[in-house]
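Here the structure is laid out as structure tokens; the discussion comes afterwards.
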Amino acid sequence: MKKTAKRLLAFLLAVVIVCGTFAFGASAAEEKIVARVSVVCLVRTPGHMWIYVENLTNKSMKVGAYTLPKNGGVSIGTFGPTRYDGYGIYYNVESYCYTEYGMSGYKSLTEDLTAAELKTLSDGILSYRNSWGPFRNCVAFASQMWNLNSEKKLSNLIFPAFANLQMTFKGAITDNPMHKAVTAAKVYRQYGTGADAYLERVSDRSLGDLS
């Protein structure tokens, strides 16, 4: 009887160890860093604010309606009158401007993302009302997307200059991250929202600098 009890106890301990190891492995997989997000603010006339996502893996991933290639980067922001393909969400306008015209003096906050956090951000972009207005401008969009995962919450202060000051108080750094080069062929406007969202290349008129 004692031998049977010992064998049963040993079996139960083995099950607990195996299950614990499996749970730890699953948890570790969920916590693996797959991407890096930055909220970026440039004070010019009128100024601009956006998010920039870097793929830290060797496979492509979805960021909103955009397929981000391995080790690539994408900038995402909203525009109104300064672009000519309609008001709303654009991809890689900022990265193209960085590549084509150069950029300096911008401030940013940066954090790493797990797969779950990346999905939260991606879903947030797709569910955002795809429009632009004086009080729902680039600052509103970038702040809201950043706040989906970060504990360093940003308020929608409307004007990039005020957002820039707020970010400075929260430890923002200057001229980082360096945006990876993109061509005009990789600059898109998002149409629609949610599962119906799709991308179209912008016209040449939407490729002007941010100033």
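Note on naming: chains are A, B, ... as they come in the structure tokens, residues start from 1 per chain, ligands start from 1 in the order shown.
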
Would you list the contacts of A:Thr57 as a CSV table (one decimal) with N, CA, C and O atoms, in the first residue's frame, taking every protein, DNA or RNA residue within 12 Å and counting only C-alpha atoms, but skipping same-chain residues closer than 3 positions in sequence?
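Written output follows (around18.csv):
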chain,number,residue,atom,x,y,z
A,32,LYS,N,7.8,37.1,-25.5
A,32,LYS,CA,9.0,37.4,-26.4
A,32,LYS,C,8.8,38.7,-27.1
A,32,LYS,O,7.7,39.1,-27.6
A,33,ILE,N,9.8,39.5,-27.2
A,33,ILE,CA,9.8,40.8,-27.8
A,33,ILE,C,9.8,40.6,-29.3
A,33,ILE,O,10.7,40.0,-29.8
A,34,VAL,N,8.9,41.2,-30.1
A,34,VAL,CA,8.8,41.0,-31.5
A,34,VAL,C,8.9,42.3,-32.3
A,34,VAL,O,9.2,42.3,-33.5
A,35,ALA,N,8.7,43.4,-31.6
A,35,ALA,CA,8.7,44.7,-32.3
A,35,ALA,C,9.0,45.8,-31.3
A,35,ALA,O,9.1,45.6,-30.1
A,36,ARG,N,9.3,47.0,-31.9
A,36,ARG,CA,9.6,48.2,-31.1
A,36,ARG,C,8.8,49.4,-31.6
A,36,ARG,O,8.7,49.6,-32.8
A,54,GLU,N,9.1,49.1,-35.6
A,54,GLU,CA,10.2,48.3,-36.2
A,54,GLU,C,10.0,46.9,-35.9
A,54,GLU,O,9.6,46.4,-34.8
A,60,SER,N,7.7,38.6,-41.7
A,60,SER,CA,6.8,39.7,-41.8
A,60,SER,C,5.7,39.7,-40.8
A,60,SER,O,5.4,38.7,-40.2
A,61,MET,N,5.2,40.9,-40.5
A,61,MET,CA,4.1,41.0,-39.5
A,61,MET,C,3.1,42.1,-40.0
A,61,MET,O,3.5,43.0,-40.8
A,68,LEU,N,4.5,44.6,-42.7
A,68,LEU,CA,5.9,45.1,-42.4
A,68,LEU,C,6.9,43.9,-42.6
A,68,LEU,O,6.8,42.9,-41.9
A,69,PRO,N,7.8,44.1,-43.5
A,69,PRO,CA,8.8,43.0,-43.8
A,69,PRO,C,9.7,42.8,-42.6
A,69,PRO,O,9.9,43.6,-41.8
A,70,LYS,N,10.4,41.6,-42.6
A,70,LYS,CA,11.3,41.3,-41.6
A,70,LYS,C,12.4,42.4,-41.5
A,70,LYS,O,12.9,42.9,-42.5
A,71,ASN,N,12.7,42.8,-40.2
A,71,ASN,CA,13.7,43.8,-39.9
A,71,ASN,C,13.4,45.1,-40.5
A,71,ASN,O,14.3,46.0,-40.6
A,72,GLY,N,12.2,45.4,-40.9
A,72,GLY,CA,11.8,46.6,-41.5
A,72,GLY,C,11.2,47.6,-40.5
A,72,GLY,O,11.1,47.3,-39.4
A,73,GLY,N,10.8,48.8,-41.0
A,73,GLY,CA,10.2,49.8,-40.2
A,73,GLY,C,9.1,50.5,-41.0
A,73,GLY,O,9.2,50.6,-42.2
A,113,LEU,N,7.6,45.7,-27.8
A,113,LEU,CA,6.3,45.1,-27.8
A,113,LEU,C,6.4,43.6,-27.9
A,113,LEU,O,7.2,43.1,-28.7
A,114,THR,N,5.6,42.9,-27.1
A,114,THR,CA,5.4,41.5,-27.3
A,114,THR,C,4.4,41.3,-28.5
A,114,THR,O,3.8,42.3,-29.0
A,115,ALA,N,4.2,40.1,-28.9
A,115,ALA,CA,3.3,39.7,-29.9
A,115,ALA,C,1.8,40.2,-29.6
A,115,ALA,O,1.1,40.8,-30.4

Which neighbours of stretch 194-200 of chain A fall inside 12 Å, counting only C-alpha atoms, when residues of the same chain fewer than 3 positions from it are skipped, and could you give them as number ranges by chain? A: 63-67, 85-86, 88-92, 122-130, 184-191, 203

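If you look at atom CA of A:Ser150 and atom CA of A:Lys59, they are 24.4 Å away from each other.
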
Neighbours of A:Leu109 within 7 Å (only C-alpha atoms; same-chain residues fewer than 6 positions away dropped), as a PyMOL selection string? chain A and resi 38-40+172-173

For A:Asn55, the nearest of the candidates A:Thr174, A:Lys180, A:Leu157, A:Ala142, counting only C-alpha atoms: A:Lys180

For atom CA of A:Val53 and atom CA of A:Met103, quote the distance in Å rounded to one decimal.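 Atom CA of A:Met103 lies at a distance of 17.4 Å from atom CA of A:Val53.
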
Per DSSP on the backbone, what are the strand (DSSP E) residues of stretch 166-200 of chain A, as a ChimeraX atom specification? /A:173-174,188-191,198-200

If we count only C-alpha atoms and set the cut-off at 8 Å, which residues sit around A:Arg44, ignoring sequence neighbours fewer than 3 positions away in its own chain? Please answer as a list of chain:residue names. A:Gly47, A:His48, A:Leu210, A:Ser211

Could you pull out the residues in chain A that DSSP calls helix (DSSP H, G or I) from the backbone, as an MDAnalysis selection string? chainID A and resid 2:31 93:101 115:127 138:147 160:169 184:186 194:196 204:206

Between atom CA of A:Met145 and atom CA of A:Leu121, what is the distance, to one decimal in Å?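 Value for the atom CA of A:Met145-atom CA of A:Leu121 distance: 6.4 Å.
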
Identify, on the basis of only C-alpha atoms, every residue whose closest approach to A:Pro46 does not exceed 12 Å; exclude the query and any residue fewer than 4 positions from it along the same chain; express the result as a VMD selection string. chain A and resid 41 to 42 79 to 82 134 137 to 139 158 to 161 209 to 211

Could you dump the residues just selected with all heavy atoms as a tab-separated table (two decimals), in the first residue's frame?
chain	number	residue	atom	x	y	z
A	41	CYS	N	7.70	63.15	-32.33
A	41	CYS	CA	7.14	64.48	-32.51
A	41	CYS	C	8.18	65.42	-33.10
A	41	CYS	O	9.31	65.49	-32.61
A	41	CYS	CB	6.64	65.02	-31.17
A	41	CYS	SG	5.74	66.58	-31.30
A	42	LEU	N	7.79	66.11	-34.14
A	42	LEU	CA	8.66	67.08	-34.81
A	42	LEU	C	7.98	68.44	-34.77
A	42	LEU	O	6.86	68.59	-35.25
A	42	LEU	CB	8.91	66.66	-36.26
A	42	LEU	CG	9.77	67.60	-37.11
A	42	LEU	CD1	11.20	67.63	-36.59
A	42	LEU	CD2	9.75	67.17	-38.57
A	79	PHE	N	-3.05	62.69	-41.43
A	79	PHE	CA	-2.83	63.97	-42.10
A	79	PHE	C	-4.15	64.57	-42.54
A	79	PHE	O	-5.12	63.85	-42.79
A	79	PHE	CB	-1.94	63.78	-43.33
A	79	PHE	CG	-0.50	63.50	-43.02
A	79	PHE	CD1	-0.06	62.18	-42.86
A	79	PHE	CD2	0.42	64.53	-42.87
A	79	PHE	CE1	1.27	61.91	-42.56
A	79	PHE	CE2	1.75	64.27	-42.58
A	79	PHE	CZ	2.18	62.95	-42.42
A	80	GLY	N	-4.14	65.89	-42.64
A	80	GLY	CA	-5.29	66.62	-43.16
A	80	GLY	C	-4.92	67.38	-44.41
A	80	GLY	O	-4.59	66.79	-45.43
A	81	PRO	N	-4.92	68.72	-44.34
A	81	PRO	CA	-4.72	69.53	-45.55
A	81	PRO	C	-3.34	69.42	-46.18
A	81	PRO	O	-3.18	69.78	-47.36
A	81	PRO	CB	-4.95	70.97	-45.04
A	81	PRO	CG	-5.70	70.81	-43.76
A	81	PRO	CD	-5.27	69.53	-43.17
A	82	THR	N	-2.34	68.93	-45.45
A	82	THR	CA	-0.98	68.90	-46.01
A	82	THR	C	-0.73	67.72	-46.95
A	82	THR	O	0.34	67.64	-47.56
A	82	THR	CB	0.07	68.86	-44.88
A	82	THR	OG1	-0.11	67.66	-44.11
A	82	THR	CG2	-0.05	70.07	-43.98
A	134	PRO	N	-9.22	69.28	-36.61
A	134	PRO	CA	-8.39	70.12	-35.75
A	134	PRO	C	-8.19	69.56	-34.34
A	134	PRO	O	-7.14	69.77	-33.73
A	134	PRO	CB	-9.17	71.45	-35.72
A	134	PRO	CG	-9.95	71.46	-36.98
A	134	PRO	CD	-10.33	70.03	-37.23
A	137	ASN	N	-6.37	65.39	-34.60
A	137	ASN	CA	-5.28	65.53	-35.57
A	137	ASN	C	-4.20	64.48	-35.33
A	137	ASN	O	-4.43	63.46	-34.68
A	137	ASN	CB	-4.72	66.95	-35.51
A	137	ASN	CG	-4.15	67.28	-34.13
A	137	ASN	OD1	-4.14	66.45	-33.22
A	137	ASN	ND2	-3.69	68.50	-33.97
A	138	CYS	N	-3.01	64.75	-35.84
A	138	CYS	CA	-1.91	63.79	-35.72
A	138	CYS	C	-1.52	63.53	-34.26
A	138	CYS	O	-1.14	62.42	-33.90
A	138	CYS	CB	-0.69	64.28	-36.51
A	138	CYS	SG	-0.06	65.90	-35.98
A	139	VAL	N	-1.63	64.57	-33.42
A	139	VAL	CA	-1.31	64.41	-32.00
A	139	VAL	C	-2.29	63.47	-31.33
A	139	VAL	O	-1.90	62.60	-30.54
A	139	VAL	CB	-1.29	65.78	-31.29
A	139	VAL	CG1	-1.06	65.61	-29.79
A	139	VAL	CG2	-0.21	66.68	-31.89
A	158	ILE	N	-3.22	68.68	-28.61
A	158	ILE	CA	-3.59	69.32	-29.87
A	158	ILE	C	-2.38	69.79	-30.69
A	158	ILE	O	-2.21	69.42	-31.85
A	158	ILE	CB	-4.56	70.51	-29.66
A	158	ILE	CG1	-5.76	70.08	-28.82
A	158	ILE	CG2	-5.01	71.06	-31.02
A	158	ILE	CD1	-6.60	69.01	-29.43
A	159	PHE	N	-1.53	70.59	-30.08
A	159	PHE	CA	-0.42	71.19	-30.81
A	159	PHE	C	0.86	70.38	-30.62
A	159	PHE	O	1.22	70.05	-29.48
A	159	PHE	CB	-0.19	72.63	-30.36
A	159	PHE	CG	-1.36	73.53	-30.61
A	159	PHE	CD1	-2.22	73.88	-29.58
A	159	PHE	CD2	-1.60	74.01	-31.89
A	159	PHE	CE1	-3.30	74.71	-29.82
A	159	PHE	CE2	-2.69	74.85	-32.14
A	159	PHE	CZ	-3.54	75.20	-31.10
A	160	PRO	N	1.58	70.07	-31.70
A	160	PRO	CA	2.83	69.32	-31.58
A	160	PRO	C	3.83	69.94	-30.61
A	160	PRO	O	4.55	69.23	-29.92
A	160	PRO	CB	3.36	69.31	-33.01
A	160	PRO	CG	2.14	69.36	-33.86
A	160	PRO	CD	1.21	70.28	-33.12
A	161	ALA	N	3.90	71.27	-30.53
A	161	ALA	CA	4.84	71.92	-29.62
A	161	ALA	C	4.54	71.55	-28.17
A	161	ALA	O	5.47	71.30	-27.38
A	161	ALA	CB	4.78	73.43	-29.80
A	209	ASP	N	7.60	67.42	-48.17
A	209	ASP	CA	8.19	67.39	-46.84
A	209	ASP	C	7.14	67.73	-45.78
A	209	ASP	O	6.06	68.25	-46.09
A	209	ASP	CB	9.38	68.35	-46.76
A	209	ASP	CG	10.35	67.98	-45.65
A	209	ASP	OD1	10.08	67.03	-44.89
A	209	ASP	OD2	11.41	68.64	-45.56
A	210	LEU	N	7.50	67.50	-44.51
A	210	LEU	CA	6.58	67.75	-43.41
A	210	LEU	C	6.44	69.22	-43.07
A	210	LEU	O	5.51	69.62	-42.39
A	210	LEU	CB	7.02	66.98	-42.16
A	210	LEU	CG	7.04	65.46	-42.28
A	210	LEU	CD1	7.56	64.83	-40.99
A	210	LEU	CD2	5.66	64.91	-42.61
A	211	SER	N	7.38	70.04	-43.48
A	211	SER	CA	7.32	71.47	-43.16
A	211	SER	C	6.39	72.20	-44.12
A	211	SER	O	6.06	71.69	-45.18
A	211	SER	CB	8.70	72.09	-43.22
A	211	SER	OG	9.26	71.92	-44.50

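Between A:Ser206 and the residues A:Glu111, A:Glu94, A:Glu117, A:Glu151, the shortest atom-to-atom distance, using only C-alpha atoms, involves A:Glu94.
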
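Of the listed residues (A:Arg83, A:Lys62, A:Arg201, A:Lys152), A:Arg83 comes nearest to A:Trp132; the distances count only C-alpha atoms.
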